[in-house]
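As structure tokens, the structure follows; a few thoughts come after it.
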Number of protein chains: 2
Amino acid sequence: MENFIFKSPTQFVFGADEHKRTGKYIAQCGGKKALVLYGGGSVLRSGRLQEVVESLDAAGVDCVVQGGVQPNPGSSFVYQAIEAARAENVDFLLAVGGGSVIDTAKAVAAGVPYSGDFLDFYRGRPVEKALPVGVVLTIPAAGSEGSPNTVITDEENKIKKGTKSDCLRPQFAILNPELTFTLPKYQSACGICDMMSHILERYFTKTQDNAVTDRMCEAVLLAVKDSAMRVIIDSEDYQAQAALMWAGMLAHNNICGVGREQDWASHALAHQLSALYDVAHGAALAVVFPAWLRYCLDEDVNLFAQLAARVWQVPESDDKRQMGLQGIERFQDFLRGLGLPSKLEHLDVPAEAIPQLVEQLHAACGDTVGNFKKLTMADAEAIYKDCQ
Amino acid sequence: MENFIFKSPTQFVFGADEHKRTGKYIAQCGGKKALVLYGGGSVLRSGRLQEVVESLDAAGVDCVVQGGVQPNPGSSFVYQAIEAARAENVDFLLAVGGGSVIDTAKAVAAGVPYSGDFLDFYRGRPVEKALPVGVVLTIPAAGSEGSPNTVITDEENKIKKGTKSDCLRPQFAILNPELTFTLPKYQSACGICDMMSHILERYFTKTQDNAVTDRMCEAVLLAVKDSAMRVIIDSEDYQAQAALMWAGMLAHNNICGVGREQDWASHALAHQLSALYDVAHGAALAVVFPAWLRYCLDEDVNLFAQLAARVWQVPESDDKRQMGLQGIERFQDFLRGLGLPSKLEHLDVPAEAIPQLVEQLHAACGDTVGNFKKLTMADAEAIYKDCQ
């Protein structure tokens, strides 16, 4: 266990109907005029957005509403939204949506008080100041509602890059499981893969002696595993959606990752698929992560065997490598069972794309990526090839 | 899963040597002059207190230092410390110690800006304002470093009562496992029982569908179980002490208890033992909690069986009641193995004390106590008798 600092000051407001009190929470943060961002029209058609806006009116919070945030959100939308936020003099960003909308809101929040190009923050400049951000979550997946992270695609250079800063942690996040009832099954499955990946990126570490965080990671994985198929069968299963919604936050506010080095190679590999082929993030991870696990198995077979036994119910045996391998197989079977892809071709990514994926990865991350195993570009190429 | 609001804004600073940076964190909170409270002399003799005070000097934070906080901390000390804090015009409370010192600091923090009797807060008056509190933790047990709670003994009436308020959550908590190396084995064991009890009070609930928090509770219990004997054998086992120190915080900042009704009868039963016989809190819980578990087993044998299987490795069987019973036995054996008492007589509490314990419980809690099973005073008497 390594030294760490952990602070997660976000106020989480969880449960049915809570989005109808959004305005109250913005007012508590001192917000007077909010830029409300959302994505596709589903939150509009369902009437949920209207309920949120009515709560702002009731709390005396003025607002400007802007829809159209895309999955794998891009820089051009952010530039426009920064201009709009400045023109309208907003002092608060409200994201009504999933990770794409929240990450966009964070980018805008950092960009408004900054005179340069907001993408500087995604190229290494630290974010030291940002407008406050609030969230009404509609997709349990990215965990951005409780994290300091944001990922944006630089559309000009087709690079998907992330940054993080404690000042980008949302002030509040309203988590009403009912708002997920209209999610298509495939999108729910992608979210499930994303949150499990957030745990696995933290789980695989060379840091020794992680008794508490190992168990916490396994706890969240087990809860997700037990709830996942329930929402695929019945998207209106409130309790299963509630479990996933809370698990998605826990998977990424770093309570499951403190005191240990983390990996994050699989996310980098998946980001290149999304940046070049606009693949859904969770679907890209469903293809890449099992391949990464297979490739890295021999780095620490005992850790793989521990995960296999505790989460995937693989029977104990002296052959830890075999246990680890069975765990990976059960994980990939589980993802397939949710309807997720397992090969590049399922994502309409041709084998010929691999050199370009590696090139983009190199441009984005440098000579190596990840920490559990520091992958060279040759390693990355081998993993992409195993995804065929 | 019920609706909930969760906010844990405390900054946790974890690891070796971190107490030497205490002053920096007080200064970051705007503190100019701190009242530094501690308990017995061990933190003084070890030189740790001096290192903390030197860090305040280095950060330009003035301070007044006051030792002598007792286990089961009492009201008379709090009254004196409130007067001292006012006379010295302090604007920050720093607790260097375990739960007793932190709870005392919280009581003083609430009492200073209040013109009435600070015990009003422990009799139902909400705490709406308090001086900021910081913590340098030396005993992993109470979890007060990350909680909104404080428990004080009203010495005049010999009643141990608690209160809580979000404004009593510490601004920061410095958790350096090295500061626990000098703890006597018995005190470590008491702390272990206390943190496991904090989880069990949350675990036993009539709220249905708690997939995430069930797993989180089990995760912390498993991590504590796996680390406990290591610190009893070798108090300088950094990694095991680190696991316990972090687990003790997680057990009580309520991340393991959100969205479910909680019980807390065992704490109320144990508090009466401490108030009347000055029994160590963890030792009182070691006697009371197994008896409570036995008494309440039939309220939900499946939940008891789940805990037995997942935490105490009791083999699955169709006889859930028997599984639950075995889990309770393994828990009590585990506590005995740590050197903790299992009967009232081990605490030097005579059987004749039971009527008075019940009377005090009634005075403190009213006609019933707990939620998983609403215990009448007759139920409470039966549990105390089972502790004989």
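Identifiers in this document derive from the order of the structure tokens: chains are assigned A, B, ..., residues are numbered from 1 separately in each chain, and ligands are numbered from 1 in order of occurrence.
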
Can I have chain B aligned to chain A? Use a least-squares fit on all Cα atoms paired in order and write it out as a short mmCIF file (atom, residue, chain, number, x, y, z; two decimals) with C-alpha atoms, in the first residue's frame.
data_model
loop_
_atom_site.label_atom_id
_atom_site.label_comp_id
_atom_site.auth_asym_id
_atom_site.auth_seq_id
_atom_site.Cartn_x
_atom_site.Cartn_y
_atom_site.Cartn_z
CA MET B 1 0.00 0.03 -0.02
CA GLU B 2 1.45 3.34 -1.10
CA ASN B 3 0.90 6.78 0.42
CA PHE B 4 -2.10 8.59 -1.02
CA ILE B 5 -4.45 11.52 -0.67
CA PHE B 6 -8.17 10.90 -1.22
CA LYS B 7 -10.87 13.52 -1.25
CA SER B 8 -14.27 13.00 -2.86
CA PRO B 9 -16.35 16.01 -1.81
CA THR B 10 -19.21 15.48 -4.29
CA GLN B 11 -22.66 15.35 -2.73
CA PHE B 12 -24.44 12.26 -4.05
CA VAL B 13 -28.21 12.50 -4.06
CA PHE B 14 -29.56 9.05 -4.80
CA GLY B 15 -33.04 7.79 -5.53
CA ALA B 16 -36.38 8.04 -7.25
CA ASP B 17 -37.64 11.52 -8.12
CA GLU B 18 -34.51 13.31 -6.92
CA HIS B 19 -33.88 14.98 -10.32
CA LYS B 20 -36.93 17.12 -9.59
CA ARG B 21 -34.89 18.87 -6.89
CA THR B 22 -31.91 19.76 -9.10
CA GLY B 23 -32.51 23.51 -8.88
CA LYS B 24 -32.25 23.43 -5.10
CA TYR B 25 -28.78 21.92 -5.27
CA ILE B 26 -27.54 24.45 -7.84
CA ALA B 27 -28.84 27.26 -5.65
CA GLN B 28 -27.07 25.73 -2.63
CA CYS B 29 -23.82 25.94 -4.63
CA GLY B 30 -24.49 29.61 -5.28
CA GLY B 31 -25.34 29.09 -8.97
CA LYS B 32 -27.44 31.88 -10.50
CA LYS B 33 -27.41 30.94 -14.19
CA ALA B 34 -26.65 27.47 -15.52
CA LEU B 35 -25.69 26.16 -18.93
CA VAL B 36 -27.63 22.89 -19.13
CA LEU B 37 -26.04 20.37 -21.50
CA TYR B 38 -27.59 17.15 -22.74
CA GLY B 39 -27.00 14.65 -25.51
CA GLY B 40 -29.56 12.94 -27.69
CA GLY B 41 -33.25 13.66 -27.49
CA SER B 42 -34.32 10.79 -25.22
CA VAL B 43 -34.09 12.86 -22.06
CA LEU B 44 -36.10 15.55 -23.85
CA ARG B 45 -38.77 13.17 -25.21
CA SER B 46 -39.19 11.44 -21.85
CA GLY B 47 -40.01 14.76 -20.20
CA ARG B 48 -37.15 14.35 -17.70
CA LEU B 49 -35.26 17.38 -19.01
CA GLN B 50 -38.37 19.47 -18.60
CA GLU B 51 -38.69 18.33 -14.99
CA VAL B 52 -35.08 19.32 -14.35
CA VAL B 53 -35.53 22.74 -15.95
CA GLU B 54 -38.73 23.31 -14.00
CA SER B 55 -36.83 22.62 -10.78
CA LEU B 56 -34.31 25.31 -11.78
CA ASP B 57 -37.15 27.75 -12.40
CA ALA B 58 -38.66 26.90 -9.02
CA ALA B 59 -35.33 27.54 -7.30
CA GLY B 60 -34.82 30.85 -9.09
CA VAL B 61 -31.89 29.56 -11.15
CA ASP B 62 -31.79 30.99 -14.68
CA CYS B 63 -30.61 28.70 -17.48
CA VAL B 64 -29.63 28.19 -21.10
CA VAL B 65 -30.21 24.70 -22.50
CA GLN B 66 -28.06 23.13 -25.20
CA GLY B 67 -28.47 19.59 -26.54
CA GLY B 68 -26.50 17.60 -29.08
CA VAL B 69 -23.50 16.27 -27.15
CA GLN B 70 -22.35 13.19 -29.08
CA PRO B 71 -20.91 9.90 -27.78
CA ASN B 72 -17.09 10.17 -27.79
CA PRO B 73 -17.64 13.89 -27.37
CA GLY B 74 -15.59 16.17 -29.60
CA SER B 75 -13.74 19.42 -29.30
CA SER B 76 -15.85 21.42 -31.75
CA PHE B 77 -18.93 21.17 -29.52
CA VAL B 78 -16.84 22.25 -26.54
CA TYR B 79 -15.52 25.34 -28.35
CA GLN B 80 -19.07 26.38 -29.22
CA ALA B 81 -20.36 25.75 -25.71
CA ILE B 82 -17.53 27.78 -24.16
CA GLU B 83 -18.50 30.72 -26.38
CA ALA B 84 -22.16 30.30 -25.48
CA ALA B 85 -21.36 30.10 -21.77
CA ARG B 86 -19.32 33.30 -21.95
CA ALA B 87 -21.91 35.14 -24.03
CA GLU B 88 -24.66 34.15 -21.58
CA ASN B 89 -22.56 34.82 -18.48
CA VAL B 90 -23.38 31.48 -16.91
CA ASP B 91 -21.79 30.64 -13.56
CA PHE B 92 -22.72 26.93 -13.39
CA LEU B 93 -22.56 23.90 -15.70
CA LEU B 94 -25.30 21.29 -15.39
CA ALA B 95 -24.81 18.00 -17.25
CA VAL B 96 -27.99 15.98 -17.81
CA GLY B 97 -26.75 12.72 -19.30
CA GLY B 98 -23.96 10.17 -19.14
CA GLY B 99 -20.19 10.36 -19.36
CA SER B 100 -20.08 12.18 -22.69
CA VAL B 101 -22.27 15.01 -21.45
CA ILE B 102 -20.50 15.22 -18.07
CA ASP B 103 -17.03 15.19 -19.66
CA THR B 104 -18.14 17.93 -22.05
CA ALA B 105 -19.51 19.99 -19.16
CA LYS B 106 -16.18 19.62 -17.35
CA ALA B 107 -14.29 20.73 -20.48
CA VAL B 108 -16.52 23.78 -20.80
CA ALA B 109 -16.21 24.50 -17.07
CA ALA B 110 -12.42 24.54 -17.37
CA GLY B 111 -12.45 26.40 -20.70
CA VAL B 112 -14.67 29.35 -19.77
CA PRO B 113 -12.25 31.04 -17.32
CA TYR B 114 -9.19 30.21 -19.50
CA SER B 115 -8.03 32.55 -22.25
CA GLY B 116 -6.19 29.90 -24.29
CA ASP B 117 -7.28 26.75 -26.15
CA PHE B 118 -9.16 24.45 -23.73
CA LEU B 119 -7.41 21.47 -25.36
CA ASP B 120 -4.21 22.66 -23.64
CA PHE B 121 -5.66 20.99 -20.54
CA TYR B 122 -5.82 17.70 -22.43
CA ARG B 123 -2.20 18.10 -23.52
CA GLY B 124 -0.73 18.39 -20.04
CA ARG B 125 -1.58 21.84 -18.69
CA PRO B 126 -3.08 21.46 -15.19
CA VAL B 127 -6.63 22.68 -14.63
CA GLU B 128 -6.50 25.03 -11.68
CA LYS B 129 -9.79 26.84 -12.06
CA ALA B 130 -13.19 25.85 -13.38
CA LEU B 131 -16.83 26.80 -13.09
CA PRO B 132 -18.75 24.49 -10.72
CA VAL B 133 -20.36 21.45 -12.35
CA GLY B 134 -23.49 19.55 -11.33
CA VAL B 135 -24.81 16.30 -12.75
CA VAL B 136 -28.15 14.59 -13.35
CA LEU B 137 -27.01 11.12 -14.36
CA THR B 138 -28.91 9.13 -17.00
CA ILE B 139 -26.37 6.42 -17.90
CA PRO B 140 -24.48 4.35 -15.32
CA ALA B 141 -21.10 3.76 -16.94
CA ALA B 142 -18.38 6.36 -17.06
CA GLY B 143 -18.34 7.29 -13.39
CA SER B 144 -17.60 10.87 -14.40
CA GLU B 145 -20.31 12.00 -11.93
CA GLY B 146 -17.93 11.31 -9.04
CA SER B 147 -14.55 11.55 -10.70
CA PRO B 148 -12.08 14.36 -11.42
CA ASN B 149 -11.65 13.02 -14.98
CA THR B 150 -12.79 14.14 -18.43
CA VAL B 151 -12.05 12.66 -21.86
CA ILE B 152 -12.52 14.61 -25.10
CA THR B 153 -11.71 13.78 -28.72
CA ASP B 154 -9.50 16.33 -30.42
CA GLU B 155 -11.41 16.16 -33.71
CA GLU B 156 -8.75 17.83 -35.80
CA ASN B 157 -6.08 15.31 -34.81
CA LYS B 158 -8.48 12.42 -34.14
CA ILE B 159 -6.97 11.83 -30.71
CA LYS B 160 -9.03 10.98 -27.65
CA LYS B 161 -7.30 12.39 -24.58
CA GLY B 162 -8.12 12.76 -20.92
CA THR B 163 -7.23 15.07 -18.09
CA LYS B 164 -8.15 15.31 -14.43
CA SER B 165 -8.28 17.85 -11.68
CA ASP B 166 -9.93 17.95 -8.27
CA CYS B 167 -11.65 21.18 -9.29
CA LEU B 168 -13.51 19.17 -11.97
CA ARG B 169 -15.19 16.90 -9.44
CA PRO B 170 -18.92 17.67 -9.59
CA GLN B 171 -20.39 19.66 -6.70
CA PHE B 172 -23.34 17.31 -6.67
CA ALA B 173 -24.57 14.34 -8.66
CA ILE B 174 -28.21 13.32 -8.74
CA LEU B 175 -28.56 9.59 -9.32
CA ASN B 176 -32.12 8.53 -10.01
CA PRO B 177 -32.22 4.93 -11.29
CA GLU B 178 -35.57 5.58 -12.99
CA LEU B 179 -33.77 7.80 -15.51
CA THR B 180 -32.00 4.70 -16.87
CA PHE B 181 -35.21 2.77 -17.64
CA THR B 182 -35.25 3.92 -21.28
CA LEU B 183 -31.66 2.92 -22.02
CA PRO B 184 -31.31 0.46 -24.91
CA LYS B 185 -29.96 -2.93 -23.79
CA TYR B 186 -26.76 -2.49 -25.80
CA GLN B 187 -26.01 0.84 -24.16
CA SER B 188 -26.60 -0.67 -20.71
CA ALA B 189 -24.22 -3.50 -21.59
CA CYS B 190 -21.57 -1.02 -22.75
CA GLY B 191 -21.95 0.84 -19.46
CA ILE B 192 -21.53 -2.35 -17.47
CA CYS B 193 -18.31 -3.16 -19.33
CA ASP B 194 -17.05 0.37 -18.80
CA MET B 195 -17.54 0.29 -15.02
CA MET B 196 -16.01 -3.18 -14.67
CA SER B 197 -13.05 -1.93 -16.72
CA HIS B 198 -12.61 1.01 -14.35
CA ILE B 199 -12.21 -1.50 -11.54
CA LEU B 200 -9.87 -3.80 -13.49
CA GLU B 201 -7.60 -0.89 -14.48
CA ARG B 202 -7.13 -0.34 -10.74
CA TYR B 203 -7.00 -3.99 -9.73
CA PHE B 204 -4.01 -4.98 -11.82
CA THR B 205 -1.03 -3.48 -10.09
CA LYS B 206 2.50 -4.31 -9.06
CA THR B 207 1.90 -2.61 -5.70
CA GLN B 208 1.94 -5.28 -3.01
CA ASP B 209 -0.34 -5.66 0.05
CA ASN B 210 -3.65 -4.14 -1.04
CA ALA B 211 -5.94 -6.04 1.32
CA VAL B 212 -8.62 -3.38 1.49
CA THR B 213 -8.72 -2.15 -2.10
CA ASP B 214 -8.48 -5.68 -3.53
CA ARG B 215 -11.62 -6.54 -1.56
CA MET B 216 -13.36 -3.30 -2.48
CA CYS B 217 -12.66 -3.86 -6.18
CA GLU B 218 -13.97 -7.41 -5.93
CA ALA B 219 -17.06 -6.18 -4.04
CA VAL B 220 -18.02 -3.77 -6.81
CA LEU B 221 -17.31 -6.36 -9.53
CA LEU B 222 -19.49 -8.92 -7.73
CA ALA B 223 -22.35 -6.46 -7.29
CA VAL B 224 -22.17 -5.50 -10.98
CA LYS B 225 -21.97 -9.14 -12.07
CA ASP B 226 -25.03 -10.02 -9.99
CA SER B 227 -27.11 -7.10 -11.27
CA ALA B 228 -26.06 -6.93 -14.93
CA MET B 229 -28.29 -9.55 -16.51
CA ARG B 230 -31.29 -8.27 -14.57
CA VAL B 231 -31.23 -4.92 -16.41
CA ILE B 232 -30.65 -6.61 -19.78
CA ILE B 233 -33.76 -8.71 -19.17
CA ASP B 234 -35.82 -5.89 -17.67
CA SER B 235 -34.57 -2.33 -18.03
CA GLU B 236 -37.20 -1.20 -15.50
CA ASP B 237 -35.81 -3.35 -12.68
CA TYR B 238 -35.31 -0.46 -10.26
CA GLN B 239 -33.15 -2.30 -7.75
CA ALA B 240 -30.76 -3.70 -10.35
CA GLN B 241 -30.46 -0.33 -12.09
CA ALA B 242 -29.88 1.25 -8.67
CA ALA B 243 -27.06 -1.17 -7.91
CA LEU B 244 -25.40 -0.46 -11.26
CA MET B 245 -25.81 3.29 -10.90
CA TRP B 246 -24.12 3.35 -7.50
CA ALA B 247 -21.48 0.79 -8.54
CA GLY B 248 -20.59 2.90 -11.58
CA MET B 249 -19.78 5.82 -9.31
CA LEU B 250 -17.79 3.69 -6.85
CA ALA B 251 -15.84 2.19 -9.73
CA HIS B 252 -14.36 5.54 -10.69
CA ASN B 253 -14.29 8.05 -7.83
CA ASN B 254 -11.10 6.17 -6.83
CA ILE B 255 -12.28 4.79 -3.49
CA CYS B 256 -11.38 1.41 -5.07
CA GLY B 257 -8.00 2.57 -6.33
CA VAL B 258 -6.23 4.40 -3.52
CA GLY B 259 -2.74 3.41 -2.40
CA ARG B 260 -1.87 1.36 -5.49
CA GLU B 261 -0.35 2.03 -8.88
CA GLN B 262 -2.99 1.68 -11.58
CA ASP B 263 -2.70 0.44 -15.13
CA TRP B 264 -4.96 2.16 -17.72
CA ALA B 265 -3.39 0.58 -20.83
CA SER B 266 -6.68 -1.00 -21.91
CA HIS B 267 -8.41 2.37 -21.86
CA ALA B 268 -5.65 3.84 -24.02
CA LEU B 269 -5.96 0.93 -26.47
CA ALA B 270 -9.75 1.28 -26.55
CA HIS B 271 -9.63 5.07 -26.98
CA GLN B 272 -7.86 4.64 -30.34
CA LEU B 273 -10.72 2.48 -31.61
CA SER B 274 -13.23 5.11 -30.56
CA ALA B 275 -11.23 8.00 -31.98
CA LEU B 276 -10.72 6.39 -35.41
CA TYR B 277 -13.94 4.39 -35.80
CA ASP B 278 -16.32 6.13 -33.39
CA VAL B 279 -16.84 2.84 -31.55
CA ALA B 280 -18.86 3.00 -28.30
CA HIS B 281 -16.35 3.17 -25.44
CA GLY B 282 -17.77 0.19 -23.53
CA ALA B 283 -17.86 -1.93 -26.68
CA ALA B 284 -14.23 -1.11 -27.46
CA LEU B 285 -13.29 -2.15 -23.92
CA ALA B 286 -15.25 -5.42 -24.28
CA VAL B 287 -12.95 -6.33 -27.18
CA VAL B 288 -9.68 -4.96 -25.85
CA PHE B 289 -9.75 -5.81 -22.13
CA PRO B 290 -9.92 -9.62 -22.38
CA ALA B 291 -7.04 -9.52 -24.88
CA TRP B 292 -5.03 -7.31 -22.51
CA LEU B 293 -5.74 -9.74 -19.65
CA ARG B 294 -4.54 -12.71 -21.70
CA TYR B 295 -1.42 -10.84 -22.76
CA CYS B 296 -0.53 -9.79 -19.20
CA LEU B 297 -1.48 -12.99 -17.37
CA ASP B 298 2.11 -14.04 -16.71
CA GLU B 299 2.96 -10.74 -15.05
CA ASP B 300 1.33 -12.03 -11.83
CA VAL B 301 -0.60 -15.29 -12.11
CA ASN B 302 -1.49 -15.19 -8.40
CA LEU B 303 -3.36 -11.91 -8.77
CA PHE B 304 -5.25 -13.27 -11.78
CA ALA B 305 -6.06 -16.44 -9.83
CA GLN B 306 -7.27 -14.42 -6.85
CA LEU B 307 -9.67 -12.46 -9.07
CA ALA B 308 -10.82 -15.65 -10.79
CA ALA B 309 -11.61 -17.34 -7.49
CA ARG B 310 -13.20 -14.42 -5.68
CA VAL B 311 -15.25 -12.93 -8.50
CA TRP B 312 -15.67 -15.60 -11.18
CA GLN B 313 -16.02 -18.56 -8.79
CA VAL B 314 -13.20 -20.48 -10.44
CA PRO B 315 -12.35 -23.40 -8.12
CA GLU B 316 -9.07 -23.14 -6.22
CA SER B 317 -6.22 -25.18 -7.69
CA ASP B 318 -2.45 -25.32 -7.56
CA ASP B 319 -2.29 -24.24 -11.20
CA LYS B 320 -2.74 -20.51 -10.65
CA ARG B 321 -2.11 -19.75 -14.32
CA GLN B 322 -4.94 -22.04 -15.37
CA MET B 323 -7.21 -20.45 -12.75
CA GLY B 324 -6.37 -17.00 -14.09
CA LEU B 325 -7.06 -18.11 -17.65
CA GLN B 326 -10.42 -19.54 -16.66
CA GLY B 327 -11.29 -16.27 -14.95
CA ILE B 328 -10.54 -14.36 -18.15
CA GLU B 329 -12.69 -16.79 -20.15
CA ARG B 330 -15.59 -16.41 -17.72
CA PHE B 331 -15.27 -12.62 -17.91
CA GLN B 332 -15.37 -12.68 -21.71
CA ASP B 333 -18.30 -15.14 -21.69
CA PHE B 334 -20.09 -12.81 -19.28
CA LEU B 335 -19.58 -9.86 -21.65
CA ARG B 336 -20.77 -11.92 -24.62
CA GLY B 337 -23.81 -12.93 -22.63
CA LEU B 338 -24.69 -9.25 -22.27
CA GLY B 339 -24.59 -8.95 -26.06
CA LEU B 340 -21.22 -7.25 -26.28
CA PRO B 341 -18.68 -7.80 -29.09
CA SER B 342 -15.51 -9.80 -28.62
CA LYS B 343 -13.61 -9.12 -31.85
CA LEU B 344 -12.53 -6.13 -33.90
CA GLU B 345 -14.69 -7.28 -36.80
CA HIS B 346 -17.79 -7.01 -34.58
CA LEU B 347 -16.90 -3.32 -34.31
CA ASP B 348 -16.45 -3.04 -38.10
CA VAL B 349 -12.77 -2.36 -37.55
CA PRO B 350 -10.72 -4.13 -40.25
CA ALA B 351 -7.48 -5.95 -39.47
CA GLU B 352 -5.71 -3.49 -41.76
CA ALA B 353 -6.46 -0.74 -39.25
CA ILE B 354 -4.04 -2.13 -36.67
CA PRO B 355 -0.92 -0.26 -37.84
CA GLN B 356 -2.84 3.02 -37.73
CA LEU B 357 -4.25 2.21 -34.29
CA VAL B 358 -0.72 1.61 -33.01
CA GLU B 359 0.50 4.80 -34.63
CA GLN B 360 -2.28 6.81 -32.99
CA LEU B 361 -1.59 5.14 -29.66
CA HIS B 362 2.05 6.12 -29.97
CA ALA B 363 1.11 9.68 -30.77
CA ALA B 364 -1.24 9.82 -27.78
CA CYS B 365 0.82 7.98 -25.16
CA GLY B 366 4.48 7.86 -26.19
CA ASP B 367 6.74 4.83 -26.28
CA THR B 368 4.98 2.79 -23.58
CA VAL B 369 1.50 2.59 -22.14
CA GLY B 370 0.25 1.12 -18.86
CA ASN B 371 1.96 0.28 -15.58
CA PHE B 372 1.16 -3.30 -14.60
CA LYS B 373 3.08 -4.21 -17.72
CA LYS B 374 4.69 -1.32 -19.53
CA LEU B 375 3.49 -2.14 -23.02
CA THR B 376 5.72 -1.22 -25.94
CA MET B 377 4.08 -0.49 -29.26
CA ALA B 378 5.00 -4.04 -30.29
CA ASP B 379 3.07 -5.32 -27.25
CA ALA B 380 0.13 -3.10 -28.17
CA GLU B 381 0.18 -4.43 -31.73
CA ALA B 382 0.11 -8.00 -30.41
CA ILE B 383 -2.90 -7.20 -28.23
CA TYR B 384 -4.78 -5.57 -31.12
CA LYS B 385 -3.99 -8.66 -33.22
CA ASP B 386 -5.38 -10.91 -30.50
CA CYS B 387 -8.62 -8.92 -30.82
CA GLN B 388 -9.10 -10.17 -34.38
#

Test item, helix (DSSP H, G or I) assignment across range 31-72 of chain B, answer as a list in words: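 The helix (DSSP H, G or I) subset of range 31-72 of chain B is Ser42, Val43, Leu44, Arg45, Arg48, Leu49, Gln50, Glu51, Val52, Val53, Glu54, Ser55, Leu56, Asp57 and Ala58 of chain B.
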
Please produce a file of those selected residues containing C-alpha atoms, as a short mmCIF file (atom, residue, chain, number, x, y, z; two decimals), in the first residue's frame.
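Just written: part-v2.cif:
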data_model
loop_
_atom_site.label_atom_id
_atom_site.label_comp_id
_atom_site.auth_asym_id
_atom_site.auth_seq_id
_atom_site.Cartn_x
_atom_site.Cartn_y
_atom_site.Cartn_z
CA SER B 42 2.14 7.73 24.64
CA VAL B 43 1.93 10.14 21.75
CA LEU B 44 3.96 12.59 23.84
CA ARG B 45 6.61 10.06 24.92
CA ARG B 48 5.01 12.12 17.60
CA LEU B 49 3.14 14.98 19.25
CA GLN B 50 6.26 17.08 19.09
CA GLU B 51 6.58 16.37 15.36
CA VAL B 52 2.98 17.46 14.85
CA VAL B 53 3.45 20.66 16.83
CA GLU B 54 6.66 21.43 14.96
CA SER B 55 4.75 21.14 11.69
CA LEU B 56 2.26 23.71 13.00
CA ASP B 57 5.11 26.04 13.89
CA ALA B 58 6.62 25.58 10.44
#

DSSP-assigned strand (DSSP E) among range 26-208 of chain A, expressed as a PyMOL selection string: chain A and resi 33-38+62-66+92-97+133-137+149-154+159-164+172-175

Could you dump the residues just selected with C-alpha atoms as a PDB file, in the first residue's frame?
ATOM      1  CA  LYS A  33     -27.424  30.921 -14.196  1.00  0.00           C
ATOM      2  CA  ALA A  34     -26.657  27.469 -15.535  1.00  0.00           C
ATOM      3  CA  LEU A  35     -25.690  26.153 -18.935  1.00  0.00           C
ATOM      4  CA  VAL A  36     -27.636  22.886 -19.141  1.00  0.00           C
ATOM      5  CA  LEU A  37     -26.048  20.362 -21.499  1.00  0.00           C
ATOM      6  CA  TYR A  38     -27.599  17.148 -22.754  1.00  0.00           C
ATOM      7  CA  ASP A  62     -31.799  30.973 -14.698  1.00  0.00           C
ATOM      8  CA  CYS A  63     -30.621  28.690 -17.481  1.00  0.00           C
ATOM      9  CA  VAL A  64     -29.633  28.188 -21.105  1.00  0.00           C
ATOM     10  CA  VAL A  65     -30.220  24.698 -22.508  1.00  0.00           C
ATOM     11  CA  GLN A  66     -28.068  23.108 -25.197  1.00  0.00           C
ATOM     12  CA  PHE A  92     -22.708  26.926 -13.391  1.00  0.00           C
ATOM     13  CA  LEU A  93     -22.560  23.889 -15.697  1.00  0.00           C
ATOM     14  CA  LEU A  94     -25.292  21.276 -15.394  1.00  0.00           C
ATOM     15  CA  ALA A  95     -24.814  17.995 -17.247  1.00  0.00           C
ATOM     16  CA  VAL A  96     -27.988  15.967 -17.823  1.00  0.00           C
ATOM     17  CA  GLY A  97     -26.746  12.731 -19.298  1.00  0.00           C
ATOM     18  CA  VAL A 133     -20.346  21.440 -12.352  1.00  0.00           C
ATOM     19  CA  GLY A 134     -23.486  19.549 -11.323  1.00  0.00           C
ATOM     20  CA  VAL A 135     -24.805  16.296 -12.741  1.00  0.00           C
ATOM     21  CA  VAL A 136     -28.141  14.602 -13.339  1.00  0.00           C
ATOM     22  CA  LEU A 137     -26.998  11.132 -14.364  1.00  0.00           C
ATOM     23  CA  ASN A 149     -11.654  13.023 -14.992  1.00  0.00           C
ATOM     24  CA  THR A 150     -12.791  14.131 -18.430  1.00  0.00           C
ATOM     25  CA  VAL A 151     -12.045  12.656 -21.860  1.00  0.00           C
ATOM     26  CA  ILE A 152     -12.525  14.598 -25.104  1.00  0.00           C
ATOM     27  CA  THR A 153     -11.721  13.772 -28.722  1.00  0.00           C
ATOM     28  CA  ASP A 154      -9.519  16.318 -30.441  1.00  0.00           C
ATOM     29  CA  ILE A 159      -6.980  11.820 -30.715  1.00  0.00           C
ATOM     30  CA  LYS A 160      -9.036  10.961 -27.650  1.00  0.00           C
ATOM     31  CA  LYS A 161      -7.309  12.373 -24.590  1.00  0.00           C
ATOM     32  CA  GLY A 162      -8.122  12.753 -20.923  1.00  0.00           C
ATOM     33  CA  THR A 163      -7.223  15.068 -18.096  1.00  0.00           C
ATOM     34  CA  LYS A 164      -8.141  15.303 -14.440  1.00  0.00           C
ATOM     35  CA  PHE A 172     -23.346  17.312  -6.669  1.00  0.00           C
ATOM     36  CA  ALA A 173     -24.566  14.337  -8.653  1.00  0.00           C
ATOM     37  CA  ILE A 174     -28.208  13.319  -8.741  1.00  0.00           C
ATOM     38  CA  LEU A 175     -28.545   9.582  -9.319  1.00  0.00           C
TER      39      LEU A 175
END
